[in-house]
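What's in target_25.pdb: PDB, C-alpha atoms and all ligand atoms
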ATOM      1  CA  MET O 119       8.935   6.069 -20.251
ATOM      2  CA  GLY O 120      10.941   3.474 -18.400
ATOM      3  CA  ILE O 121      10.816   0.249 -16.481
ATOM      4  CA  ALA O 122       8.479  -0.088 -13.509
ATOM      5  CA  VAL O 123       8.226  -2.864 -10.931
ATOM      6  CA  VAL O 124       5.094  -3.532  -8.886
ATOM      7  CA  THR O 125       5.259  -6.126  -6.113
ATOM      8  CA  GLY O 126       2.080  -8.051  -5.393
ATOM      9  CA  GLY O 127       1.137  -6.994  -8.922
ATOM     10  CA  GLY O 128      -0.824 -10.136  -9.741
ATOM     11  CA  ARG O 129      -4.122  -9.041  -8.243
ATOM     12  CA  GLY O 130      -5.993  -6.443  -6.202
ATOM     13  CA  ILE O 131      -4.516  -2.984  -5.759
ATOM     14  CA  GLY O 132      -1.151  -4.066  -7.212
ATOM     15  CA  ALA O 133      -2.769  -5.229 -10.469
ATOM     16  CA  ALA O 134      -4.613  -1.895 -10.804
ATOM     17  CA  ILE O 135      -1.360   0.010 -10.187
ATOM     18  CA  ALA O 136       0.454  -2.051 -12.830
ATOM     19  CA  THR O 137      -2.309  -1.446 -15.382
ATOM     20  CA  ARG O 138      -2.359   2.285 -14.594
ATOM     21  CA  LEU O 139       1.421   2.589 -15.021
ATOM     22  CA  GLU O 140       1.190   0.711 -18.329
ATOM     23  CA  ARG O 141      -1.358   3.302 -19.457
ATOM     24  CA  ASP O 142       1.312   5.948 -18.756
ATOM     25  CA  GLY O 143       3.602   4.055 -21.134
ATOM     26  CA  HIS O 144       5.840   2.256 -18.657
ATOM     27  CA  ARG O 145       7.139  -1.258 -19.189
ATOM     28  CA  VAL O 146       5.760  -2.866 -16.042
ATOM     29  CA  HIS O 147       7.014  -6.012 -14.323
ATOM     30  CA  ARG O 148       4.480  -7.531 -11.949
ATOM     31  CA  LEU O 149       6.090  -9.538  -9.169
ATOM     32  CA  ASP O 150       3.982 -11.946  -7.180
ATOM     33  CA  GLN O 151       4.367 -14.853  -4.859
ATOM     34  CA  LEU O 152       2.303 -17.298  -6.889
ATOM     35  CA  PRO O 153       2.822 -17.996 -10.598
ATOM     36  CA  GLY O 154       0.305 -16.378 -12.924
ATOM     37  CA  GLU O 155      -0.095 -14.965 -16.407
ATOM     38  CA  GLY O 156       2.140 -11.956 -16.985
ATOM     39  CA  VAL O 157       3.645 -12.298 -13.522
ATOM     40  CA  ILE O 158       7.237 -12.854 -12.429
ATOM     41  CA  THR O 159       7.206 -15.264  -9.512
ATOM     42  CA  CYS O 160       9.146 -13.718  -6.647
ATOM     43  CA  ASP O 161       8.660 -13.972  -2.908
ATOM     44  CA  VAL O 162       9.666 -10.559  -1.571
ATOM     45  CA  THR O 163      10.601 -12.080   1.796
ATOM     46  CA  ASP O 164      13.473 -13.942   0.084
ATOM     47  CA  PRO O 165      16.352 -11.482  -0.453
ATOM     48  CA  ALA O 166      18.237 -13.830  -2.805
ATOM     49  CA  ALA O 167      15.156 -14.279  -5.020
ATOM     50  CA  VAL O 168      14.588 -10.511  -5.093
ATOM     51  CA  GLU O 169      18.238  -9.901  -6.030
ATOM     52  CA  ARG O 170      18.016 -12.475  -8.859
ATOM     53  CA  VAL O 171      14.890 -10.874 -10.318
ATOM     54  CA  ALA O 172      16.315  -7.365  -9.881
ATOM     55  CA  SER O 173      19.490  -8.125 -11.802
ATOM     56  CA  ARG O 174      17.492  -9.838 -14.572
ATOM     57  CA  ILE O 175      15.214  -6.809 -14.947
ATOM     58  CA  ALA O 176      18.042  -4.280 -14.642
ATOM     59  CA  ALA O 177      19.801  -5.995 -17.585
ATOM     60  CA  ASP O 178      17.081  -4.413 -19.796
ATOM     61  CA  GLY O 179      17.753  -0.909 -18.454
ATOM     62  CA  PRO O 180      17.389   1.072 -15.242
ATOM     63  CA  VAL O 181      14.316   0.598 -13.116
ATOM     64  CA  GLU O 182      12.637   4.007 -12.824
ATOM     65  CA  ILE O 183       9.664   3.129 -10.659
ATOM     66  CA  LEU O 184       9.279   0.676  -7.790
ATOM     67  CA  VAL O 185       5.940   0.191  -6.070
ATOM     68  CA  ASN O 186       6.230  -1.833  -2.860
ATOM     69  CA  ASN O 187       2.648  -3.078  -2.725
ATOM     70  CA  ALA O 188       2.871  -6.759  -1.666
ATOM     71  CA  GLY O 189       1.114  -7.016   1.651
ATOM     72  CA  HIS O 190       0.065  -9.585   4.190
ATOM     73  CA  TRP O 191      -2.072  -9.625   7.342
ATOM     74  CA  ARG O 192      -3.354 -12.174   9.851
ATOM     75  CA  PHE O 193      -6.268 -11.601  12.193
ATOM     76  CA  GLY O 194      -6.043 -12.400  15.895
ATOM     77  CA  PRO O 195      -6.031 -10.823  19.347
ATOM     78  CA  LEU O 196      -2.614  -9.683  20.513
ATOM     79  CA  GLU O 197      -2.476 -12.134  23.415
ATOM     80  CA  ASP O 198      -2.818 -15.103  21.023
ATOM     81  CA  VAL O 199      -0.580 -14.044  18.140
ATOM     82  CA  SER O 200       2.319 -16.471  17.797
ATOM     83  CA  PRO O 201       5.797 -15.084  17.224
ATOM     84  CA  ALA O 202       5.776 -16.901  13.855
ATOM     85  CA  ASP O 203       2.558 -15.155  12.760
ATOM     86  CA  PHE O 204       3.827 -11.789  13.982
ATOM     87  CA  ARG O 205       7.082 -12.277  12.092
ATOM     88  CA  ALA O 206       5.341 -13.470   8.899
ATOM     89  CA  VAL O 207       3.572 -10.120   8.583
ATOM     90  CA  ILE O 208       6.721  -8.123   9.352
ATOM     91  CA  ASP O 209       8.573 -10.293   6.812
ATOM     92  CA  VAL O 210       6.295  -9.396   3.889
ATOM     93  CA  ASN O 211       5.342  -5.822   4.707
ATOM     94  CA  LEU O 212       8.568  -4.444   6.164
ATOM     95  CA  MET O 213      11.357  -6.820   5.131
ATOM     96  CA  GLY O 214       9.864  -7.287   1.648
ATOM     97  CA  THR O 215       9.798  -3.518   1.175
ATOM     98  CA  PHE O 216      13.374  -3.287   2.422
ATOM     99  CA  HIS O 217      14.653  -6.091   0.170
ATOM    100  CA  CYS O 218      13.036  -4.617  -2.945
ATOM    101  CA  THR O 219      14.075  -1.056  -2.106
ATOM    102  CA  GLN O 220      17.673  -2.169  -1.782
ATOM    103  CA  ALA O 221      17.749  -4.475  -4.813
ATOM    104  CA  PHE O 222      15.867  -2.226  -7.286
ATOM    105  CA  GLY O 223      17.238   0.950  -5.706
ATOM    106  CA  ARG O 224      20.723  -0.038  -6.838
ATOM    107  CA  SER O 225      19.719   0.436 -10.459
ATOM    108  CA  MET O 226      18.115   3.808  -9.559
ATOM    109  CA  ILE O 227      21.229   4.978  -7.724
ATOM    110  CA  ALA O 228      23.375   4.054 -10.734
ATOM    111  CA  ALA O 229      21.032   6.005 -13.056
ATOM    112  CA  GLY O 230      20.714   8.949 -10.662
ATOM    113  CA  ARG O 231      16.923   8.956 -10.825
ATOM    114  CA  GLY O 232      13.916   6.968  -9.679
ATOM    115  CA  SER O 233      10.655   7.009  -7.787
ATOM    116  CA  ILE O 234       9.654   4.568  -5.068
ATOM    117  CA  VAL O 235       6.091   4.359  -3.789
ATOM    118  CA  ASN O 236       5.377   2.304  -0.675
ATOM    119  CA  ILE O 237       1.829   1.144  -0.017
ATOM    120  CA  VAL O 238       1.023   1.660   3.647
ATOM    121  CA  SER O 239      -2.388   1.951   5.326
ATOM    122  CA  ILE O 240      -4.334   4.150   7.714
ATOM    123  CA  ALA O 241      -3.140   1.483  10.163
ATOM    124  CA  ALA O 242       0.357   2.971   9.853
ATOM    125  CA  TYR O 243      -0.695   5.823  12.126
ATOM    126  CA  ARG O 244      -4.010   4.669  13.625
ATOM    127  CA  ALA O 245      -3.485   1.193  15.074
ATOM    128  CA  ASN O 246      -5.849  -1.449  13.703
ATOM    129  CA  PRO O 247      -6.834  -3.768  16.569
ATOM    130  CA  MET O 248      -6.897  -7.579  16.247
ATOM    131  CA  VAL O 249      -4.645  -7.695  13.197
ATOM    132  CA  GLY O 250      -1.413  -8.797  14.856
ATOM    133  CA  ALA O 251       1.678  -7.132  13.451
ATOM    134  CA  TYR O 252      -0.136  -5.282  10.655
ATOM    135  CA  SER O 253      -0.100  -1.791  12.202
ATOM    136  CA  PRO O 254       3.471  -2.046  13.543
ATOM    137  CA  SER O 255       4.628  -3.293  10.124
ATOM    138  CA  LYS O 256       2.973  -0.452   8.212
ATOM    139  CA  ALA O 257       4.201   2.155  10.724
ATOM    140  CA  ALA O 258       7.699   0.849  10.101
ATOM    141  CA  VAL O 259       7.199   1.095   6.325
ATOM    142  CA  LEU O 260       6.185   4.715   6.791
ATOM    143  CA  ALA O 261       9.431   5.325   8.698
ATOM    144  CA  LEU O 262      11.381   3.509   5.991
ATOM    145  CA  THR O 263       9.699   5.728   3.391
ATOM    146  CA  GLU O 264      10.991   8.854   5.125
ATOM    147  CA  GLN O 265      14.449   7.329   5.628
ATOM    148  CA  THR O 266      14.684   6.397   1.943
ATOM    149  CA  ALA O 267      13.541   9.903   0.954
ATOM    150  CA  LEU O 268      16.260  11.487   3.086
ATOM    151  CA  GLU O 269      19.116   9.143   2.183
ATOM    152  CA  TRP O 270      18.415   8.841  -1.537
ATOM    153  CA  GLY O 271      16.850  12.236  -2.287
ATOM    154  CA  PRO O 272      20.308  13.714  -2.856
ATOM    155  CA  ARG O 273      20.860  10.950  -5.439
ATOM    156  CA  GLY O 274      17.783  11.874  -7.458
ATOM    157  CA  ILE O 275      15.448   9.254  -5.993
ATOM    158  CA  ARG O 276      12.112  10.225  -4.476
ATOM    159  CA  CYS O 277      10.255   7.981  -2.049
ATOM    160  CA  ASN O 278       6.634   8.508  -1.013
ATOM    161  CA  ALA O 279       3.807   6.452   0.449
ATOM    162  CA  VAL O 280       0.153   5.895  -0.367
ATOM    163  CA  GLY O 281      -2.289   4.585   2.240
ATOM    164  CA  PRO O 282      -5.449   2.958   0.907
ATOM    165  CA  GLY O 283      -8.621   3.177   2.984
ATOM    166  CA  LEU O 284     -11.356   0.527   2.729
ATOM    167  CA  VAL O 285     -10.831  -1.243  -0.588
ATOM    168  CA  PRO O 286     -12.499  -4.562  -1.450
ATOM    169  CA  THR O 287      -9.894  -6.778  -3.163
ATOM    170  CA  PRO O 288      -9.282 -10.529  -3.396
ATOM    171  CA  GLY O 289      -7.215 -10.185  -0.205
ATOM    172  CA  THR O 290      -9.862  -8.308   1.785
ATOM    173  CA  GLY O 291     -12.758 -10.151   0.107
ATOM    174  CA  ALA O 292     -13.893 -12.115   3.157
ATOM    175  CA  VAL O 293     -14.441  -8.901   5.118
ATOM    176  CA  TYR O 294     -16.679  -7.453   2.393
ATOM    177  CA  ASP O 295     -18.668 -10.583   1.510
ATOM    178  CA  ASP O 296     -21.396  -9.519   3.950
ATOM    179  CA  PRO O 297     -23.463  -6.765   2.256
ATOM    180  CA  ARG O 298     -24.336  -5.277   5.657
ATOM    181  CA  VAL O 299     -20.621  -4.888   6.454
ATOM    182  CA  ARG O 300     -20.090  -3.190   3.091
ATOM    183  CA  GLU O 301     -22.990  -0.843   3.725
ATOM    184  CA  VAL O 302     -21.934   0.147   7.262
ATOM    185  CA  ARG O 303     -18.297   0.561   6.246
ATOM    186  CA  ALA O 304     -19.221   2.715   3.250
ATOM    187  CA  GLY O 305     -21.428   4.797   5.548
ATOM    188  CA  ALA O 306     -18.457   5.490   7.841
ATOM    189  CA  VAL O 307     -16.541   7.118   4.971
ATOM    190  CA  PRO O 308     -17.175  10.859   4.467
ATOM    191  CA  LEU O 309     -17.459  10.241   0.692
ATOM    192  CA  ARG O 310     -20.010   7.502   1.502
ATOM    193  CA  ARG O 311     -18.479   4.793  -0.630
ATOM    194  CA  LEU O 312     -15.774   2.145  -0.414
ATOM    195  CA  GLY O 313     -12.552   2.712  -2.329
ATOM    196  CA  THR O 314     -11.490   0.942  -5.506
ATOM    197  CA  PRO O 315      -8.046  -0.281  -6.548
ATOM    198  CA  ASP O 316      -8.193   2.339  -9.335
ATOM    199  CA  ASP O 317      -8.631   5.151  -6.756
ATOM    200  CA  VAL O 318      -5.342   4.080  -5.194
ATOM    201  CA  ALA O 319      -3.571   3.472  -8.517
ATOM    202  CA  GLU O 320      -4.297   7.021  -9.679
ATOM    203  CA  VAL O 321      -2.389   8.563  -6.746
ATOM    204  CA  VAL O 322       0.450   6.053  -7.066
ATOM    205  CA  ALA O 323       0.792   7.010 -10.756
ATOM    206  CA  PHE O 324       1.014  10.672  -9.744
ATOM    207  CA  PHE O 325       3.727  10.031  -7.144
ATOM    208  CA  ALA O 326       5.610   7.866  -9.642
ATOM    209  CA  SER O 327       5.536  10.516 -12.344
ATOM    210  CA  ASP O 328       7.573  13.664 -12.926
ATOM    211  CA  ARG O 329       4.413  15.658 -12.109
ATOM    212  CA  ALA O 330       5.370  14.898  -8.489
ATOM    213  CA  GLY O 331       9.013  15.775  -9.197
ATOM    214  CA  TYR O 332       9.328  17.921  -6.041
ATOM    215  CA  VAL O 333       7.369  15.615  -3.731
ATOM    216  CA  ASN O 334       9.546  13.480  -1.462
ATOM    217  CA  GLY O 335       8.962  11.700   1.855
ATOM    218  CA  GLN O 336       5.199  12.326   1.831
ATOM    219  CA  VAL O 337       2.164  10.152   2.433
ATOM    220  CA  VAL O 338      -1.332  10.491   1.000
ATOM    221  CA  TYR O 339      -4.239   8.490   2.389
ATOM    222  CA  VAL O 340      -6.656   7.525  -0.371
ATOM    223  CA  ASP O 341      -9.514   6.838   2.001
ATOM    224  CA  GLY O 342     -12.409   9.148   1.164
ATOM    225  CA  GLY O 343     -11.654  11.081   4.355
ATOM    226  CA  LEU O 344     -12.143   8.083   6.669
ATOM    227  CA  SER O 345      -8.969   8.708   8.670
ATOM    228  CA  LYS O 346     -10.088  12.258   9.475
ATOM    229  CA  GLY O 347     -13.460  11.159  10.814
ATOM    230  CA  LEU O 348     -12.804  11.258  14.554
ATOM    231  CA  MET O 349     -15.412  13.927  15.316
ATOM    232  CA  THR O 350     -18.055  12.059  13.315
ATOM    233  CA  LEU O 351     -17.968   9.425  16.063
ATOM    234  CA  LEU O 352     -19.513  11.866  18.516
ATOM    235  CA  PRO O 353     -23.304  11.904  18.480
ATOM    236  CA  ARG O 354     -25.057  15.264  18.718
ATOM    237  CA  PRO O 355     -28.600  15.988  19.885
ATOM    238  CA  ALA O 356     -31.209  16.094  17.151
ATOM    239  CA  ASP O 357     -31.623  19.884  17.409
ATOM    240  CA  VAL O 358     -27.869  20.610  17.051
ATOM    241  CA  PRO O 359     -26.446  20.726  13.520
ATOM    242  CA  GLY O 360     -23.614  18.356  12.688
ATOM    243  CA  PRO O 361     -22.909  14.633  12.509
ATOM    244  CA  LYS O 362     -25.534  12.265  13.858
ATOM    245  CA  LEU O 363     -25.065   8.638  14.742
ATOM    246  CA  ALA O 364     -27.154   7.678  11.724
ATOM    247  CA  ASP O 365     -24.660   9.454   9.428
ATOM    248  CA  ARG O 366     -22.045   6.881  10.358
ATOM    249  CA  ASP O 367     -23.740   3.986   8.631
ATOM    250  CA  GLY O 368     -25.480   5.788   5.838
ATOM    251  CA  GLY O 369     -28.692   5.883   7.872
ATOM    252  CA  ALA O 370     -28.806   2.102   8.103
ATOM    253  CA  SER O 371     -28.964   1.940  11.901
TER     254      SER O 371
HETATM  255  P1  LIG P   1      -4.311  -8.673  -2.070
HETATM  256  O1  LIG P   1      -4.107  -9.768  -1.076
HETATM  257  O2  LIG P   1      -5.530  -8.714  -2.911
HETATM  258  O3  LIG P   1      -3.017  -8.540  -2.978
HETATM  259  C1  LIG P   1      -1.762  -8.559  -2.387
HETATM  260  C2  LIG P   1      -0.806  -9.252  -3.328
HETATM  261  O4  LIG P   1       0.480  -9.307  -2.681
HETATM  262  C3  LIG P   1      -1.229 -10.691  -3.602
HETATM  263  O5  LIG P   1      -1.124 -10.958  -4.979
HETATM  264  C4  LIG P   1      -0.227 -11.483  -2.801
HETATM  265  O6  LIG P   1       0.076 -12.741  -3.340
HETATM  266  C5  LIG P   1       0.996 -10.607  -2.882
HETATM  267  N1  LIG P   1       1.974 -11.030  -1.889
HETATM  268  C6  LIG P   1       1.739 -11.338  -0.589
HETATM  269  N2  LIG P   1       2.869 -11.775  -0.021
HETATM  270  C7  LIG P   1       3.830 -11.725  -0.970
HETATM  271  C8  LIG P   1       5.191 -12.062  -1.008
HETATM  272  N3  LIG P   1       5.802 -12.560   0.070
HETATM  273  N4  LIG P   1       5.881 -11.886  -2.149
HETATM  274  C9  LIG P   1       5.262 -11.421  -3.262
HETATM  275  N5  LIG P   1       3.962 -11.088  -3.299
HETATM  276  C10 LIG P   1       3.251 -11.251  -2.171
HETATM  277  O7  LIG P   1      -4.255  -7.323  -1.206
HETATM  278  P2  LIG P   1      -4.668  -5.811  -1.548
HETATM  279  O8  LIG P   1      -4.630  -5.579  -3.011
HETATM  280  O9  LIG P   1      -5.896  -5.518  -0.780
HETATM  281  O10 LIG P   1      -3.479  -5.032  -0.814
HETATM  282  C11 LIG P   1      -2.399  -4.442  -1.524
HETATM  283  C12 LIG P   1      -1.634  -3.548  -0.560
HETATM  284  O11 LIG P   1      -2.504  -2.521  -0.063
HETATM  285  C13 LIG P   1      -1.096  -4.269   0.686
HETATM  286  O12 LIG P   1       0.170  -3.762   1.017
HETATM  287  C14 LIG P   1      -2.104  -3.922   1.755
HETATM  288  O13 LIG P   1      -1.537  -3.976   3.051
HETATM  289  C15 LIG P   1      -2.452  -2.493   1.353
HETATM  290  N6  LIG P   1      -3.735  -2.042   1.879
HETATM  291  C16 LIG P   1      -4.908  -2.582   1.413
HETATM  292  C17 LIG P   1      -6.116  -2.122   1.901
HETATM  293  C18 LIG P   1      -7.422  -2.650   1.414
HETATM  294  O14 LIG P   1      -8.470  -2.250   1.971
HETATM  295  N7  LIG P   1      -7.449  -3.518   0.406
HETATM  296  C19 LIG P   1      -6.182  -1.094   2.951
HETATM  297  C20 LIG P   1      -4.886  -0.605   3.353
HETATM  298  C21 LIG P   1      -3.722  -1.064   2.826
HETATM  299  P3  LIG P   1      -0.579 -14.078  -2.727
HETATM  300  O15 LIG P   1      -1.995 -14.000  -3.053
HETATM  301  O16 LIG P   1       0.130 -15.150  -3.411
HETATM  302  O17 LIG P   1      -0.324 -14.047  -1.249
END

Would you give me this structure, written as structure tokens?
Ligand code: NDP
Amino acid sequence: MGIAVVTGGGRGIGAAIATRLERDGHRVHRLDQLPGEGVITCDVTDPAAVERVASRIAADGPVEILVNNAGHWRFGPLEDVSPADFRAVIDVNLMGTFHCTQAFGRSMIAAGRGSIVNIVSIAAYRANPMVGAYSPSKAAVLALTEQTALEWGPRGIRCNAVGPGLVPTPGTGAVYDDPRVREVRAGAVPLRRLGTPDDVAEVVAFFASDRAGYVNGQVVYVDGGLSKGLMTLLPRPADVPGPKLADRDGGAS
């Protein structure tokens, strides 16, 4: 087992991914913006900082796994989003993924093997309103995932994406503080529960491993089926079998 790097690994989904990869025997480096125990401080929007950390880590051996998980979002209606706020989200989600892919990818290219997993979102293909640049940034990361898979596949490097659904984390905490919001959101998911960071980490670990050795350029949404729920939005009369409005919120309405 080799060296793995998880960005945004200090908390939330990133911390669960790092722990899961450690369980598989990898030596995991957790990169995060703020200092913390067991964390390498590194702002992924700063290409020089990423390069410095990458060459320090690569001195110990080739990086085999990179998980681009660090993410950022800002709420606001499109007409009010400032260019600075729009750019801040693009900077972390897209540019951060690019910087890390390039810097850690160098060590993979030299070794002729590696696995990159980019954390996207349902919002990458179903726009999430009122969250500024979040959807455009994640759509771009999905495109970058496919580009990386095509350009670096011939060099032994796979690149795939994982899209979490509704996962309470420190970052999304404010949304889920209201128990009624939790209940209604869980009710909208075909599996009738919210996701956990461990649900996401399990699929990332699969993509990262040799068990997914022939999987390249793919995306899996770990969302309990939420993103496939379009037809559940349509109410049916009581005497017709199928989804009812009440099914959408677990019968809470
Ligand atoms: P959290 O905010 O809980 O964790 C994200 C981590 O990324 C934080 O530790 C954060 O550090 C770090 N980070 C942010 N900006 C930078 C940066 N510039 N450089 C280094 N690290 C940075 O979020 P989640 O765990 O919920 O999200 C993880 C990923 O999953 C994100 O990419 C998110 O978009 C994606 N996702 C999450 C969903 C969910 O429901 N939770 C749904 C869909 C996708 P700091 O606290 O210092 O900012």

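Remark: for ligand LIG 1 (chain P), the closest of the candidate residues O:Leu139, O:Ala326, O:Leu352, O:Ala188 is O:Ala188 (distances computed over all atoms listed in the file).
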
Inset, instruction - Please give me, as a VMD selection string, the residues lying within 9 Å of ligand LIG 1 (chain P) when counting all atoms listed in the file. - result: chain O and resid 125 to 134 149 to 153 159 to 164 186 to 191 206 to 207 209 to 211 214 236 to 241 252 256 280 to 291 312 to 315 318 341

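Take CA of Pro247 in chain O and CA of Val321 in chain O: the distance between them is 26.7 Å.
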
Inset, instruction - To verify the selection step, state as an MDAnalysis selection string which residues the PyMOL selection byres (((chain O and resi 220) around 12) and not hetatm) yields on this input. - result: chainID O and resid 162 165:166 168:169 172:173 184 186 213:219 221:227 234 262 266 270

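Using only C-alpha atoms, the nearest neighbour of His144 in chain O within the list O:Pro297, O:Ser327, O:Glu269, O:Asp316 is O:Ser327.
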
Evaluate the PyMOL selection byres (((chain O and resi 342) around 6) and not hetatm) and record the selected residues as a PDB file with C-alpha atoms, in the coordinates of the input, following the chain and residue labels used in the document.
ATOM      1  CA  VAL O 307     -16.541   7.118   4.971  1.00  0.00           C
ATOM      2  CA  LEU O 309     -17.459  10.241   0.692  1.00  0.00           C
ATOM      3  CA  ASP O 341      -9.514   6.838   2.001  1.00  0.00           C
ATOM      4  CA  GLY O 343     -11.654  11.081   4.355  1.00  0.00           C
ATOM      5  CA  LEU O 344     -12.143   8.083   6.669  1.00  0.00           C
TER       6      LEU O 344
END

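The shortest atom-to-atom distance to Arg244 in chain O, with only C-alpha atoms taken into account, belongs to O:Lys346 out of O:Arg298, O:Arg354, O:Arg170, O:Lys346.
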
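Nearest-residue note for Arg138 in chain O: choosing from O:Val302, O:Ala229, O:Leu196, O:Ala323, the minimum distance belongs to O:Ala323, counting all atoms listed in the file.
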
Inset, instruction - Could you tell me which residues the PyMOL selection byres (((chain O and resi 333) around 12) and not hetatm) grabs in this file, written as a list in words? - result: Ser233, Ile234, Val235, Glu264, Ala267, Leu268, Gly271, Gly274, Ile275, Arg276, Cys277, Asn278, Ala279, Phe324, Phe325, Ala326, Ser327, Asp328, Arg329, Ala330, Gly331, Tyr332, Asn334, Gly335, Gln336, Val337 and Val338 of chain O

Legend entry - Which residue of O:Ala292, O:Val322, O:Ala242, O:Gly143 approaches Ser345 in chain O most closely, using all atoms listed in the file: O:Ala242

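Straight-line separation from CA of Asp296 in chain O to CA of Tyr243 in chain O: 27.0 Å.
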
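Distance check against Tyr339 in chain O using only C-alpha atoms: of O:Leu212, O:Ala306, O:Val358, O:Leu260, the minimum falls on O:Leu260.
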
Inset, instruction - Just give me the gap between CA of Pro272 in chain O and CA of Val185 in chain O in Å, one decimal is fine. - result: 20.0 Å

For range 339-345 of chain O, which lacks atoms in the input, supply all heavy atoms and format the output as a PDB file, keeping the file's coordinate frame.
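Output file selection.pdb follows:
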ATOM      1  N   TYR O 339      -3.271   9.537   2.093  1.00  0.00           N
ATOM      2  CA  TYR O 339      -4.239   8.490   2.389  1.00  0.00           C
ATOM      3  C   TYR O 339      -5.395   8.601   1.399  1.00  0.00           C
ATOM      4  O   TYR O 339      -6.070   9.642   1.339  1.00  0.00           O
ATOM      5  CB  TYR O 339      -4.724   8.601   3.840  1.00  0.00           C
ATOM      6  CG  TYR O 339      -3.576   8.322   4.791  1.00  0.00           C
ATOM      7  CD1 TYR O 339      -2.862   9.354   5.386  1.00  0.00           C
ATOM      8  CD2 TYR O 339      -3.168   7.012   5.028  1.00  0.00           C
ATOM      9  CE1 TYR O 339      -1.778   9.086   6.220  1.00  0.00           C
ATOM     10  CE2 TYR O 339      -2.086   6.731   5.859  1.00  0.00           C
ATOM     11  CZ  TYR O 339      -1.403   7.781   6.455  1.00  0.00           C
ATOM     12  OH  TYR O 339      -0.334   7.509   7.262  1.00  0.00           O
ATOM     13  N   VAL O 340      -5.585   7.552   0.632  1.00  0.00           N
ATOM     14  CA  VAL O 340      -6.656   7.525  -0.371  1.00  0.00           C
ATOM     15  C   VAL O 340      -7.817   6.784   0.276  1.00  0.00           C
ATOM     16  O   VAL O 340      -8.007   5.578   0.093  1.00  0.00           O
ATOM     17  CB  VAL O 340      -6.163   6.821  -1.657  1.00  0.00           C
ATOM     18  CG1 VAL O 340      -7.249   6.853  -2.737  1.00  0.00           C
ATOM     19  CG2 VAL O 340      -4.887   7.478  -2.169  1.00  0.00           C
ATOM     20  N   ASP O 341      -8.559   7.509   1.105  1.00  0.00           N
ATOM     21  CA  ASP O 341      -9.514   6.838   2.001  1.00  0.00           C
ATOM     22  C   ASP O 341     -10.861   7.554   2.081  1.00  0.00           C
ATOM     23  O   ASP O 341     -11.639   7.279   3.002  1.00  0.00           O
ATOM     24  CB  ASP O 341      -8.907   6.713   3.407  1.00  0.00           C
ATOM     25  CG  ASP O 341      -8.719   8.073   4.091  1.00  0.00           C
ATOM     26  OD1 ASP O 341      -8.943   9.103   3.432  1.00  0.00           O
ATOM     27  OD2 ASP O 341      -8.348   8.089   5.271  1.00  0.00           O
ATOM     28  N   GLY O 342     -11.127   8.453   1.152  1.00  0.00           N
ATOM     29  CA  GLY O 342     -12.409   9.148   1.164  1.00  0.00           C
ATOM     30  C   GLY O 342     -12.627  10.007   2.391  1.00  0.00           C
ATOM     31  O   GLY O 342     -13.748  10.420   2.681  1.00  0.00           O
ATOM     32  N   GLY O 343     -11.555  10.246   3.150  1.00  0.00           N
ATOM     33  CA  GLY O 343     -11.654  11.081   4.355  1.00  0.00           C
ATOM     34  C   GLY O 343     -11.838  10.279   5.640  1.00  0.00           C
ATOM     35  O   GLY O 343     -11.907  10.853   6.731  1.00  0.00           O
ATOM     36  N   LEU O 344     -11.869   8.942   5.500  1.00  0.00           N
ATOM     37  CA  LEU O 344     -12.143   8.083   6.669  1.00  0.00           C
ATOM     38  C   LEU O 344     -11.234   8.385   7.854  1.00  0.00           C
ATOM     39  O   LEU O 344     -11.684   8.475   8.994  1.00  0.00           O
ATOM     40  CB  LEU O 344     -12.001   6.612   6.259  1.00  0.00           C
ATOM     41  CG  LEU O 344     -12.173   5.584   7.387  1.00  0.00           C
ATOM     42  CD1 LEU O 344     -13.613   5.571   7.891  1.00  0.00           C
ATOM     43  CD2 LEU O 344     -11.764   4.190   6.911  1.00  0.00           C
ATOM     44  N   SER O 345      -9.935   8.557   7.571  1.00  0.00           N
ATOM     45  CA  SER O 345      -8.969   8.708   8.670  1.00  0.00           C
ATOM     46  C   SER O 345      -9.103  10.039   9.384  1.00  0.00           C
ATOM     47  O   SER O 345      -8.501  10.248  10.437  1.00  0.00           O
ATOM     48  CB  SER O 345      -7.542   8.539   8.140  1.00  0.00           C
ATOM     49  OG  SER O 345      -7.284   9.459   7.110  1.00  0.00           O
TER      50      SER O 345
END
